[in-house]
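Shown below: start-v4.cif, with mmCIF, C-alpha atoms.
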data_data
loop_
_atom_site.group_PDB
_atom_site.id
_atom_site.type_symbol
_atom_site.label_atom_id
_atom_site.label_comp_id
_atom_site.auth_asym_id
_atom_site.auth_seq_id
_atom_site.Cartn_x
_atom_site.Cartn_y
_atom_site.Cartn_z
ATOM 1 C CA MET A 9 -6.637 -17.838 6.582
ATOM 2 C CA GLN A 10 -8.042 -14.313 6.626
ATOM 3 C CA TYR A 11 -6.792 -11.533 4.366
ATOM 4 C CA ARG A 12 -6.563 -7.785 4.873
ATOM 5 C CA ASN A 13 -5.728 -4.807 2.687
ATOM 6 C CA LEU A 14 -2.104 -3.714 2.824
ATOM 7 C CA GLY A 15 -2.653 0.009 2.819
ATOM 8 C CA LYS A 16 -3.150 1.460 -0.655
ATOM 9 C CA THR A 17 -1.025 -1.154 -2.454
ATOM 10 C CA GLY A 18 -4.051 -3.062 -3.692
ATOM 11 C CA TRP A 19 -2.668 -6.255 -2.164
ATOM 12 C CA LYS A 20 -4.666 -8.447 0.160
ATOM 13 C CA VAL A 21 -2.186 -10.080 2.516
ATOM 14 C CA SER A 22 -2.629 -12.924 4.965
ATOM 15 C CA SER A 23 -3.412 -11.504 8.387
ATOM 16 C CA ILE A 24 -0.795 -13.871 9.783
ATOM 17 C CA SER A 25 2.221 -13.704 7.527
ATOM 18 C CA PHE A 26 5.803 -14.956 7.895
ATOM 19 C CA GLY A 27 8.747 -13.110 9.428
ATOM 20 C CA ALA A 28 12.045 -14.425 8.096
ATOM 21 C CA TRP A 29 14.526 -13.009 10.629
ATOM 22 C CA ALA A 30 14.960 -16.308 12.463
ATOM 23 C CA ILE A 31 15.783 -18.289 9.320
ATOM 24 C CA GLY A 32 18.653 -15.930 8.574
ATOM 25 C CA GLY A 33 20.415 -15.765 11.913
ATOM 26 C CA SER A 34 20.643 -14.264 15.414
ATOM 27 C CA TRP A 35 18.151 -16.815 16.788
ATOM 28 C CA GLY A 36 20.444 -19.716 17.502
ATOM 29 C CA ASN A 37 21.023 -22.735 15.296
ATOM 30 C CA VAL A 38 18.815 -23.114 12.237
ATOM 31 C CA ASN A 39 19.256 -25.158 9.065
ATOM 32 C CA ASP A 40 18.005 -24.327 5.607
ATOM 33 C CA GLU A 41 15.995 -27.522 5.217
ATOM 34 C CA ASP A 42 13.930 -26.717 8.314
ATOM 35 C CA SER A 43 13.574 -23.096 7.223
ATOM 36 C CA LEU A 44 12.224 -24.057 3.817
ATOM 37 C CA ALA A 45 9.872 -26.545 5.444
ATOM 38 C CA ALA A 46 8.564 -23.792 7.720
ATOM 39 C CA MET A 47 7.948 -21.405 4.836
ATOM 40 C CA ASN A 48 6.349 -24.100 2.696
ATOM 41 C CA ARG A 49 3.989 -25.012 5.511
ATOM 42 C CA ALA A 50 3.110 -21.350 5.956
ATOM 43 C CA ILE A 51 2.209 -21.115 2.263
ATOM 44 C CA ASP A 52 0.174 -24.312 2.560
ATOM 45 C CA MET A 53 -1.760 -22.595 5.363
ATOM 46 C CA GLY A 54 -2.594 -19.601 3.158
ATOM 47 C CA VAL A 55 0.240 -17.228 4.007
ATOM 48 C CA ASN A 56 1.059 -15.004 1.025
ATOM 49 C CA PHE A 57 3.385 -12.379 2.514
ATOM 50 C CA ILE A 58 6.963 -12.829 3.745
ATOM 51 C CA ASP A 59 9.070 -10.193 5.458
ATOM 52 C CA THR A 60 12.853 -10.441 5.318
ATOM 53 C CA ALA A 61 15.913 -8.150 5.256
ATOM 54 C CA ASP A 62 19.309 -7.981 3.595
ATOM 55 C CA VAL A 63 21.114 -8.375 6.926
ATOM 56 C CA TYR A 64 19.286 -11.514 8.058
ATOM 57 C CA GLY A 65 22.168 -13.938 7.762
ATOM 58 C CA ASP A 66 23.930 -11.506 5.396
ATOM 59 C CA GLY A 67 21.500 -12.340 2.589
ATOM 60 C CA ARG A 68 20.841 -15.943 3.620
ATOM 61 C CA SER A 69 17.188 -15.248 4.433
ATOM 62 C CA GLU A 70 16.578 -13.429 1.133
ATOM 63 C CA ARG A 71 18.129 -16.279 -0.844
ATOM 64 C CA LEU A 72 15.964 -18.844 0.947
ATOM 65 C CA VAL A 73 12.867 -16.802 0.133
ATOM 66 C CA ALA A 74 13.950 -16.720 -3.514
ATOM 67 C CA LYS A 75 14.320 -20.504 -3.482
ATOM 68 C CA LEU A 76 10.852 -20.875 -1.994
ATOM 69 C CA LYS A 77 9.329 -18.663 -4.681
ATOM 70 C CA ARG A 78 10.967 -20.731 -7.426
ATOM 71 C CA GLU A 79 9.340 -23.848 -5.990
ATOM 72 C CA ARG A 80 5.821 -22.453 -5.448
ATOM 73 C CA SER A 81 3.247 -21.285 -7.968
ATOM 74 C CA GLU A 82 1.196 -19.164 -5.568
ATOM 75 C CA THR A 83 1.406 -15.378 -5.489
ATOM 76 C CA ILE A 84 3.787 -14.514 -2.652
ATOM 77 C CA TYR A 85 4.502 -10.894 -1.811
ATOM 78 C CA VAL A 86 8.000 -10.303 -0.443
ATOM 79 C CA ALA A 87 9.084 -7.353 1.649
ATOM 80 C CA THR A 88 12.736 -6.776 2.417
ATOM 81 C CA LYS A 89 14.657 -4.034 4.205
ATOM 82 C CA ALA A 90 17.739 -1.915 3.655
ATOM 83 C CA GLY A 91 20.024 0.225 5.771
ATOM 84 C CA ARG A 92 21.416 -1.928 8.539
ATOM 85 C CA ARG A 93 24.399 -2.935 6.431
ATOM 86 C CA LEU A 94 25.778 0.514 7.137
ATOM 87 C CA ASP A 95 28.786 0.550 9.445
ATOM 88 C CA PRO A 96 28.600 2.838 11.246
ATOM 89 C CA HIS A 97 24.812 2.923 11.124
ATOM 90 C CA VAL A 98 24.328 6.671 10.835
ATOM 91 C CA ALA A 99 21.738 8.876 9.176
ATOM 92 C CA GLY A 100 24.158 10.165 6.550
ATOM 93 C CA GLY A 101 24.560 6.650 5.205
ATOM 94 C CA TYR A 102 20.976 6.646 3.934
ATOM 95 C CA ASN A 103 22.051 8.317 0.708
ATOM 96 C CA ARG A 104 21.481 7.589 -2.968
ATOM 97 C CA ALA A 105 24.642 5.580 -3.543
ATOM 98 C CA ASN A 106 24.202 3.311 -0.544
ATOM 99 C CA LEU A 107 20.477 2.721 -0.931
ATOM 100 C CA THR A 108 20.882 1.961 -4.625
ATOM 101 C CA SER A 109 23.671 -0.491 -3.825
ATOM 102 C CA PHE A 110 21.605 -2.218 -1.133
ATOM 103 C CA VAL A 111 18.638 -2.525 -3.486
ATOM 104 C CA GLU A 112 20.759 -4.012 -6.257
ATOM 105 C CA ARG A 113 22.135 -6.601 -3.849
ATOM 106 C CA SER A 114 18.661 -7.548 -2.636
ATOM 107 C CA LEU A 115 17.382 -7.819 -6.209
ATOM 108 C CA LYS A 116 20.125 -10.354 -6.855
ATOM 109 C CA ASN A 117 19.492 -12.271 -3.618
ATOM 110 C CA LEU A 118 15.761 -12.384 -4.288
ATOM 111 C CA ASN A 119 16.279 -13.295 -7.947
ATOM 112 C CA THR A 120 13.828 -10.653 -9.125
ATOM 113 C CA GLU A 121 13.754 -7.551 -11.269
ATOM 114 C CA THR A 122 11.537 -5.557 -8.911
ATOM 115 C CA ILE A 123 11.252 -5.713 -5.123
ATOM 116 C CA ASP A 124 7.622 -5.859 -4.013
ATOM 117 C CA LEU A 125 8.129 -3.731 -0.910
ATOM 118 C CA LEU A 126 11.360 -2.170 0.353
ATOM 119 C CA GLN A 127 11.476 -0.838 3.905
ATOM 120 C CA LEU A 128 14.059 1.381 5.511
ATOM 121 C CA HIS A 129 15.417 -0.822 8.293
ATOM 122 C CA CYS A 130 14.985 1.066 11.567
ATOM 123 C CA PRO A 131 17.148 4.024 10.570
ATOM 124 C CA PRO A 132 18.200 6.708 13.039
ATOM 125 C CA THR A 133 15.380 9.115 13.859
ATOM 126 C CA GLU A 134 17.106 11.888 11.900
ATOM 127 C CA VAL A 135 16.427 10.033 8.630
ATOM 128 C CA TYR A 136 12.683 10.626 8.986
ATOM 129 C CA TYR A 137 13.410 14.341 8.905
ATOM 130 C CA THR A 138 15.460 14.061 5.701
ATOM 131 C CA PRO A 139 13.164 14.367 2.654
ATOM 132 C CA GLU A 140 16.065 13.599 0.316
ATOM 133 C CA THR A 141 16.108 9.989 1.506
ATOM 134 C CA PHE A 142 12.494 9.496 0.467
ATOM 135 C CA GLU A 143 13.177 11.182 -2.868
ATOM 136 C CA VAL A 144 15.767 8.459 -3.530
ATOM 137 C CA LEU A 145 13.105 5.823 -2.838
ATOM 138 C CA ASP A 146 10.710 7.601 -5.199
ATOM 139 C CA ASP A 147 13.357 7.454 -7.905
ATOM 140 C CA LEU A 148 13.926 3.740 -7.313
ATOM 141 C CA VAL A 149 10.200 3.171 -7.814
ATOM 142 C CA LYS A 150 10.302 5.206 -11.052
ATOM 143 C CA ALA A 151 13.278 3.138 -12.203
ATOM 144 C CA GLY A 152 11.300 -0.068 -11.740
ATOM 145 C CA LYS A 153 13.511 -1.376 -8.926
ATOM 146 C CA LEU A 154 10.678 -1.212 -6.360
ATOM 147 C CA HIS A 155 6.920 -1.566 -6.562
ATOM 148 C CA TYR A 156 6.397 0.162 -3.216
ATOM 149 C CA TYR A 157 8.317 1.311 -0.171
ATOM 150 C CA GLY A 158 7.730 1.756 3.529
ATOM 151 C CA VAL A 159 9.612 1.912 6.808
ATOM 152 C CA SER A 160 10.393 -0.276 9.775
ATOM 153 C CA VAL A 161 10.571 1.801 12.926
ATOM 154 C CA GLU A 162 11.552 1.602 16.569
ATOM 155 C CA LYS A 163 9.430 4.474 17.883
ATOM 156 C CA VAL A 164 5.898 5.756 17.469
ATOM 157 C CA GLU A 165 7.387 9.214 16.831
ATOM 158 C CA GLU A 166 9.225 7.829 13.802
ATOM 159 C CA ALA A 167 6.095 6.133 12.497
ATOM 160 C CA LEU A 168 4.074 9.327 12.737
ATOM 161 C CA LYS A 169 6.760 11.305 10.924
ATOM 162 C CA ALA A 170 7.232 8.681 8.193
ATOM 163 C CA ILE A 171 3.589 8.675 7.148
ATOM 164 C CA GLU A 172 3.786 12.380 6.353
ATOM 165 C CA TYR A 173 5.657 11.357 3.187
ATOM 166 C CA PRO A 174 2.973 10.702 0.558
ATOM 167 C CA ASN A 175 4.501 7.597 -0.983
ATOM 168 C CA VAL A 176 5.222 5.695 2.223
ATOM 169 C CA GLN A 177 2.824 2.777 1.920
ATOM 170 C CA THR A 178 3.561 0.746 5.038
ATOM 171 C CA VAL A 179 4.949 0.972 8.542
ATOM 172 C CA GLN A 180 6.399 -2.010 10.341
ATOM 173 C CA ILE A 181 6.336 -1.493 14.089
ATOM 174 C CA ILE A 182 6.652 -3.618 17.230
ATOM 175 C CA PHE A 183 3.127 -4.314 18.395
ATOM 176 C CA ASN A 184 2.111 -7.034 20.794
ATOM 177 C CA ILE A 185 0.546 -7.540 24.231
ATOM 178 C CA PHE A 186 3.755 -6.115 25.757
ATOM 179 C CA ARG A 187 3.962 -3.130 23.378
ATOM 180 C CA GLN A 188 0.516 -1.532 23.155
ATOM 181 C CA ARG A 189 1.308 2.136 22.595
ATOM 182 C CA PRO A 190 0.999 2.026 18.747
ATOM 183 C CA SER A 191 -2.717 1.286 19.086
ATOM 184 C CA GLU A 192 -3.295 4.799 20.368
ATOM 185 C CA LEU A 193 -2.540 7.807 18.161
ATOM 186 C CA PHE A 194 -0.502 6.006 15.502
ATOM 187 C CA PHE A 195 -3.161 3.477 14.493
ATOM 188 C CA THR A 196 -5.706 6.276 14.170
ATOM 189 C CA GLU A 197 -3.436 8.355 11.952
ATOM 190 C CA ALA A 198 -2.305 5.386 9.859
ATOM 191 C CA SER A 199 -5.883 4.320 9.201
ATOM 192 C CA ARG A 200 -6.840 7.860 8.236
ATOM 193 C CA ARG A 201 -4.020 7.950 5.685
ATOM 194 C CA GLY A 202 -4.533 4.419 4.360
ATOM 195 C CA ILE A 203 -1.199 3.104 5.631
ATOM 196 C CA GLY A 204 -0.544 -0.641 5.887
ATOM 197 C CA ILE A 205 0.703 -1.792 9.298
ATOM 198 C CA LEU A 206 2.974 -4.785 9.807
ATOM 199 C CA ALA A 207 3.065 -5.896 13.445
ATOM 200 C CA ARG A 208 6.580 -7.118 14.067
ATOM 201 C CA VAL A 209 8.039 -8.969 17.067
ATOM 202 C CA PRO A 210 4.453 -10.142 17.700
ATOM 203 C CA LEU A 211 5.479 -12.794 20.239
ATOM 204 C CA ALA A 212 8.001 -10.617 22.121
ATOM 205 C CA SER A 213 10.979 -12.742 21.076
ATOM 206 C CA GLY A 214 9.194 -15.898 22.180
ATOM 207 C CA MET A 215 8.227 -14.590 25.611
ATOM 208 C CA LEU A 216 4.526 -14.573 24.691
ATOM 209 C CA THR A 217 4.627 -18.188 23.510
ATOM 210 C CA GLY A 218 4.663 -19.197 27.170
ATOM 211 C CA LYS A 219 7.476 -21.652 26.439
ATOM 212 C CA LEU A 220 10.239 -19.737 28.213
ATOM 213 C CA SER A 221 11.095 -20.000 31.881
ATOM 214 C CA ALA A 222 13.689 -18.832 34.381
ATOM 215 C CA ARG A 223 15.704 -21.926 33.411
ATOM 216 C CA SER A 224 15.664 -21.263 29.667
ATOM 217 C CA THR A 225 19.057 -20.841 28.006
ATOM 218 C CA PHE A 226 19.945 -19.353 24.645
ATOM 219 C CA GLU A 227 22.767 -20.096 22.234
ATOM 220 C CA PRO A 228 25.574 -17.529 22.048
ATOM 221 C CA ASP A 229 24.484 -16.313 18.595
ATOM 222 C CA ASP A 230 20.877 -15.812 19.741
ATOM 223 C CA HIS A 231 20.118 -12.127 20.362
ATOM 224 C CA ARG A 232 18.108 -13.141 23.437
ATOM 225 C CA ALA A 233 21.448 -14.061 25.010
ATOM 226 C CA PHE A 234 23.459 -10.992 24.005
ATOM 227 C CA ASN A 235 21.113 -8.046 23.457
ATOM 228 C CA ARG A 236 18.884 -7.789 26.528
ATOM 229 C CA GLU A 237 20.329 -4.396 27.412
ATOM 230 C CA GLY A 238 20.762 -3.236 23.819
ATOM 231 C CA GLU A 239 24.400 -4.242 23.520
ATOM 232 C CA SER A 240 24.150 -4.840 19.747
ATOM 233 C CA PHE A 241 20.991 -3.029 18.611
ATOM 234 C CA ASP A 242 17.924 -1.410 20.130
ATOM 235 C CA ARG A 243 17.033 -3.258 23.320
ATOM 236 C CA GLY A 244 13.352 -3.017 22.417
ATOM 237 C CA GLU A 245 13.963 -5.685 19.777
ATOM 238 C CA THR A 246 14.673 -8.299 22.467
ATOM 239 C CA PHE A 247 11.688 -9.363 24.587
ATOM 240 C CA SER A 248 10.124 -6.068 23.438
ATOM 241 C CA GLY A 249 12.319 -4.261 25.944
ATOM 242 C CA VAL A 250 10.664 -5.968 28.916
ATOM 243 C CA ASN A 251 12.704 -7.268 31.851
ATOM 244 C CA TYR A 252 12.884 -11.040 31.482
ATOM 245 C CA GLU A 253 11.704 -11.999 34.964
ATOM 246 C CA ILE A 254 8.858 -9.476 34.978
ATOM 247 C CA GLY A 255 7.799 -10.670 31.544
ATOM 248 C CA LEU A 256 7.583 -14.246 32.792
ATOM 249 C CA ARG A 257 5.320 -13.191 35.641
ATOM 250 C CA ALA A 258 3.012 -11.327 33.284
ATOM 251 C CA VAL A 259 2.858 -14.317 30.945
ATOM 252 C CA GLU A 260 1.679 -16.544 33.769
ATOM 253 C CA GLU A 261 -1.247 -14.219 34.409
ATOM 254 C CA LEU A 262 -2.019 -14.084 30.696
ATOM 255 C CA ARG A 263 -1.968 -17.866 30.510
ATOM 256 C CA ALA A 264 -4.974 -18.020 32.833
ATOM 257 C CA LEU A 265 -7.021 -15.946 30.366
ATOM 258 C CA LYS A 266 -6.581 -17.983 27.188
ATOM 259 C CA PRO A 267 -9.053 -20.629 26.000
ATOM 260 C CA ALA A 268 -7.934 -24.122 26.970
ATOM 261 C CA ASP A 269 -7.562 -25.285 23.368
ATOM 262 C CA TRP A 270 -5.455 -22.289 22.265
ATOM 263 C CA SER A 271 -1.704 -22.088 22.623
ATOM 264 C CA MET A 272 -0.207 -18.973 24.183
ATOM 265 C CA ALA A 273 1.268 -18.051 20.781
ATOM 266 C CA GLN A 274 -2.155 -18.269 19.172
ATOM 267 C CA PHE A 275 -3.658 -16.194 21.965
ATOM 268 C CA ALA A 276 -1.005 -13.481 21.533
ATOM 269 C CA LEU A 277 -1.377 -13.409 17.749
ATOM 270 C CA ARG A 278 -5.170 -13.349 17.860
ATOM 271 C CA TRP A 279 -4.941 -10.389 20.251
ATOM 272 C CA ILE A 280 -3.038 -8.440 17.581
ATOM 273 C CA LEU A 281 -5.701 -9.210 14.987
ATOM 274 C CA MET A 282 -8.353 -7.678 17.230
ATOM 275 C CA PHE A 283 -7.047 -4.322 15.925
ATOM 276 C CA ASP A 284 -8.484 -3.601 12.488
ATOM 277 C CA ALA A 285 -5.705 -1.132 11.681
ATOM 278 C CA VAL A 286 -3.192 -3.991 11.541
ATOM 279 C CA SER A 287 -2.692 -5.426 8.062
ATOM 280 C CA CYS A 288 -0.765 -8.447 9.260
ATOM 281 C CA ALA A 289 1.348 -9.852 12.047
ATOM 282 C CA ILE A 290 4.666 -11.375 11.010
ATOM 283 C CA PRO A 291 5.715 -14.066 13.501
ATOM 284 C CA GLY A 292 8.814 -16.056 12.680
ATOM 285 C CA GLY A 293 9.057 -19.808 12.576
ATOM 286 C CA LYS A 294 12.038 -22.137 12.367
ATOM 287 C CA THR A 295 9.964 -25.309 11.919
ATOM 288 C CA ALA A 296 6.914 -26.347 9.949
ATOM 289 C CA TRP A 297 5.044 -26.982 13.187
ATOM 290 C CA GLN A 298 5.658 -23.427 14.425
ATOM 291 C CA ALA A 299 4.545 -21.994 11.091
ATOM 292 C CA GLU A 300 1.334 -24.021 11.210
ATOM 293 C CA GLU A 301 0.562 -23.040 14.791
ATOM 294 C CA ASN A 302 1.073 -19.375 14.003
ATOM 295 C CA ALA A 303 -0.951 -19.349 10.790
ATOM 296 C CA SER A 304 -3.896 -21.174 12.358
ATOM 297 C CA SER A 305 -4.438 -18.310 14.796
ATOM 298 C CA ALA A 306 -5.926 -16.238 11.948
ATOM 299 C CA ASP A 307 -9.053 -18.390 11.958
ATOM 300 C CA LEU A 308 -9.710 -18.358 15.696
ATOM 301 C CA PRO A 309 -12.796 -16.524 16.997
ATOM 302 C CA PRO A 310 -12.490 -13.005 18.422
ATOM 303 C CA ILE A 311 -11.258 -12.539 21.975
ATOM 304 C CA PRO A 312 -14.152 -11.377 24.195
ATOM 305 C CA ALA A 313 -14.173 -7.723 25.236
ATOM 306 C CA ALA A 314 -13.939 -8.664 28.927
ATOM 307 C CA THR A 315 -10.780 -10.663 28.254
ATOM 308 C CA MET A 316 -9.286 -7.810 26.234
ATOM 309 C CA LYS A 317 -9.872 -5.578 29.255
ATOM 310 C CA GLN A 318 -8.101 -8.085 31.527
ATOM 311 C CA ILE A 319 -5.136 -8.222 29.150
ATOM 312 C CA LYS A 320 -4.925 -4.446 29.268
ATOM 313 C CA SER A 321 -4.944 -4.571 33.056
ATOM 314 C CA ILE A 322 -1.977 -6.973 33.074
ATOM 315 C CA TYR A 323 -0.126 -4.662 30.700
ATOM 316 C CA ASP A 324 -0.836 -1.673 32.915
ATOM 317 C CA ARG A 325 0.326 -3.424 36.076
ATOM 318 C CA TYR A 326 3.448 -5.191 34.829
ATOM 319 C CA ILE A 327 4.621 -3.709 31.561
ATOM 320 C CA ARG A 328 3.518 -0.140 30.910
ATOM 321 C CA ASN A 329 6.164 1.596 33.012
ATOM 322 C CA LEU A 330 8.902 -0.492 31.393
ATOM 323 C CA VAL A 331 8.141 0.309 27.759
ATOM 324 C CA HIS A 332 5.244 2.646 27.074
ATOM 325 C CA HIS A 333 7.084 5.957 26.940
ATOM 326 C CA TYR A 334 10.380 4.629 25.556
ATOM 327 C CA TRP A 335 9.147 3.514 22.142
#

Target format structure tokens, applied to this file:
Amino acid sequence: MQYRNLGKTGWKVSSISFGAWAIGGSWGNVNDEDSLAAMNRAIDMGVNFIDTADVYGDGRSERLVAKLKRERSETIYVATKAGRRLDPHVAGGYNRANLTSFVERSLKNLNTETIDLLQLHCPPTEVYYTPETFEVLDDLVKAGKLHYYGVSVEKVEEALKAIEYPNVQTVQIIFNIFRQRPSELFFTEASRRGIGILARVPLASGMLTGKLSARSTFEPDDHRAFNREGESFDRGETFSGVNYEIGLRAVEELRALKPADWSMAQFALRWILMFDAVSCAIPGGKTAWQAEENASSADLPPIPAATMKQIKSIYDRYIRNLVHHYW
């Protein structure tokens, strides 16, 4: 495992970490025994950072992470998120009373006195233009409820605005072979300000694993079945906003570029790590085998420059017009 600085926090986090959305819900059937096995295997592989949220299974994911931490002696940094419990999910809901309530609930779920890293959970764009919200987070740090805070965003615009606030330590943003725009202006600005970057949805909802096909089916409670057009939340969260059939065609061209002994998932994750601005990628895993495959990509050799150029060409031909200027 390789480790990178997480912004100015002083933490060195595993470059491949663990995203705990799938073990909470909205990814089809999953059982807690498999989820704990996946996280344990990730820790065995050197992972020391887990990203979760209060809405993943309505606290189920947070509670599983707490159970894992009770059973392991290693240092494990845990990031969670707050805000999506709001109904309706509107900017005005990101106020002192609600955020304090969400934090208290997560502290209980995580069985801790202080949350390592709290992130606003893809709030409406207006929130980034509301300094009072960030003042609440500052006060929660002063009160000892949080060590640090950051944001999870949908759009590059939101990321650029968020890092104007001096105490925002991290930005979690969708970044993968199908979503390359963050590597332009945002990565430059984040690096200049010492901001940690968490690359989320790194496998484009499984599309970049190369395991999906035109015949693939998804369970009714899997967001890949019900959110392709943004019916429940931002459509960019599902397959990174890429049309399913077009995505499959692009994956087939990508498959021809990977080394024979790499999986497509490893190829996609190693591509992300070619960008020094990224602190870590946070792929999910519902089984120990998936967690091991993901984590092992951190130790693969760099992708040659010529191959990186070919990947960019595939993005430009198939994907750019679908996503580049939307997020």

Sorted by chain and rising residue number, which residues of range 120-157 of chain A lie within 12 Å of range 185-204 of chain A, and what are their closest atom pairs and distances in Å to one decimal, counting only C-alpha atoms, as JSON lines?
{"residue": "A:Leu125", "atom": "CA", "partner": "A:Gly204", "partner_atom": "CA", "distance": 11.4}
{"residue": "A:Tyr156", "atom": "CA", "partner": "A:Gly204", "partner_atom": "CA", "distance": 11.5}
{"residue": "A:Tyr157", "atom": "CA", "partner": "A:Gly204", "partner_atom": "CA", "distance": 10.9}

- On this file, the PyMOL selection byres ((chain A and resi 267) around 12) gives some set of residues; write that set as an MDAnalysis selection string. chainID A and resid 262:266 268:276 278 308:312 315

- Message: What's the separation between CA of Arg325 in chain A and CA of Ser160 in chain A, in Å to one decimal place?
- Response: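 Interatomic distance here is 28.3 Å.
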
Taking all atoms listed in the file into account, produce a table as a tab-separated table in which each residue of range 243-294 of chain A with an atom at most 9 Å from an atom of range 44-62 of chain A appears once, together with its shortest atom pair and the distance in Å to one decimal, ordered by chain and rising number.
residue	atom	partner	partner_atom	distance
A:Cys288	CA	A:Phe57	CA	8.8
A:Ile290	CA	A:Asp59	CA	7.2
A:Gly293	CA	A:Ala46	CA	6.3
A:Lys294	CA	A:Ala46	CA	6.0

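Near Lys89 in chain A, within a cut-off of 6 Å and counting only C-alpha atoms, sit the residues Ala61, Leu126, Gln127, Leu128 and His129 of chain A, with same-chain residues fewer than 5 positions away left out.
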
Output C-alpha atoms of each residue in that selection to a file, as a tab-separated table (two decimals), in the frame of the given file.
chain	number	residue	atom	x	y	z
A	61	ALA	CA	15.91	-8.15	5.26
A	126	LEU	CA	11.36	-2.17	0.35
A	127	GLN	CA	11.48	-0.84	3.90
A	128	LEU	CA	14.06	1.38	5.51
A	129	HIS	CA	15.42	-0.82	8.29

- Task: Work out how far apart CA of Ala313 in chain A and CA of Arg12 in chain A are and give it in Å to one decimal.
- Result: 21.7 Å

- Best match for closeness to Asn119 in chain A among A:Ile205, A:Val86, A:Val135, A:Ala289, counting all atoms listed in the file: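 For Asn119 in chain A, the nearest of the candidates is A:Val86.
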
- A straight line from CA of Gly91 in chain A to CA of Val179 in chain A spans 15.3 Å

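Only residues having an atom at most 9 Å from (6.8, -10.6, 19.1) are included; using all atoms listed in the file, these are Ile182, Phe183, Asn184, Ile185, Phe186, Ala207, Arg208, Val209, Pro210, Leu211, Ala212, Ser213, Gly214, Met215, Leu216, Glu245, Thr246, Phe247, Ser248, Ala276, Leu277, Ala289, Ile290, Pro291 and Gly292 of chain A.
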
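Around range 218-235 of chain A, within 7 Å and counting all atoms listed in the file, the residues found are Ser34, Trp35, Gly36, Met215, Gly238, Glu239, Ser240, Phe241, Arg243, Thr246, Leu256, Val259 and Met272 of chain A, once anything fewer than 3 positions away on its own chain is removed.
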
Selection file, C-alpha atoms, as a short mmCIF file (atom, residue, chain, number, x, y, z; two decimals), in the coordinates of the input:
data_model
loop_
_atom_site.label_atom_id
_atom_site.label_comp_id
_atom_site.auth_asym_id
_atom_site.auth_seq_id
_atom_site.Cartn_x
_atom_site.Cartn_y
_atom_site.Cartn_z
CA SER A 34 20.64 -14.26 15.41
CA TRP A 35 18.15 -16.82 16.79
CA GLY A 36 20.44 -19.72 17.50
CA MET A 215 8.23 -14.59 25.61
CA GLY A 238 20.76 -3.24 23.82
CA GLU A 239 24.40 -4.24 23.52
CA SER A 240 24.15 -4.84 19.75
CA PHE A 241 20.99 -3.03 18.61
CA ARG A 243 17.03 -3.26 23.32
CA THR A 246 14.67 -8.30 22.47
CA LEU A 256 7.58 -14.25 32.79
CA VAL A 259 2.86 -14.32 30.94
CA MET A 272 -0.21 -18.97 24.18
#

Each side padded by 3 Å, which centre and which edge lengths in Å (one decimal) define the axis-aligned box around the listed atoms of range 200-219 of chain A? Give them as AutoDock Vina command-line options.
--center_x 2.1 --center_y -6.9 --center_z 15.8 --size_x 23.8 --size_y 35.6 --size_z 28.8

- Item | Nearest residue to Ile171 in chain A from the set A:Gly158, A:Tyr11, A:Tyr334, A:Ala90 (distances using all atoms listed in the file) | A:Gly158

- Could you tell me which residues the PyMOL selection byres ((chain A and resi 169) around 12) grabs in this file, written as an NGL selection string? :A and (133-139 or 159 or 161 or 163-168 or 170-174 or 176 or 179 or 194 or 197-198)

- Query: Residues picked by the PyMOL selection byres ((chain A and resi 330) around 10) here, as a list in words?
  - Reply: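 Output from the PyMOL selection byres ((chain A and resi 330) around 10), applied to this file: Phe186, Arg187, Ser248, Gly249, Val250, Asn251, Ile254, Tyr323, Asp324, Tyr326, Ile327, Arg328, Asn329, Val331, His332, His333 and Tyr334 of chain A.
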
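Ranking A:Thr295, A:Gln180, A:Lys317, A:Thr88 by their shortest atom-to-atom distance to Asn37 in chain A, with all atoms listed in the file included, puts A:Thr295 first.
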
- Message: Applying 8 Å and all atoms listed in the file, which residues near range 140-144 of chain A remain after dropping the ones on its own chain fewer than 3 positions away? List them as an NGL selection string.
- Response: :A and (102-104 or 107 or 135 or 147-148 or 173)
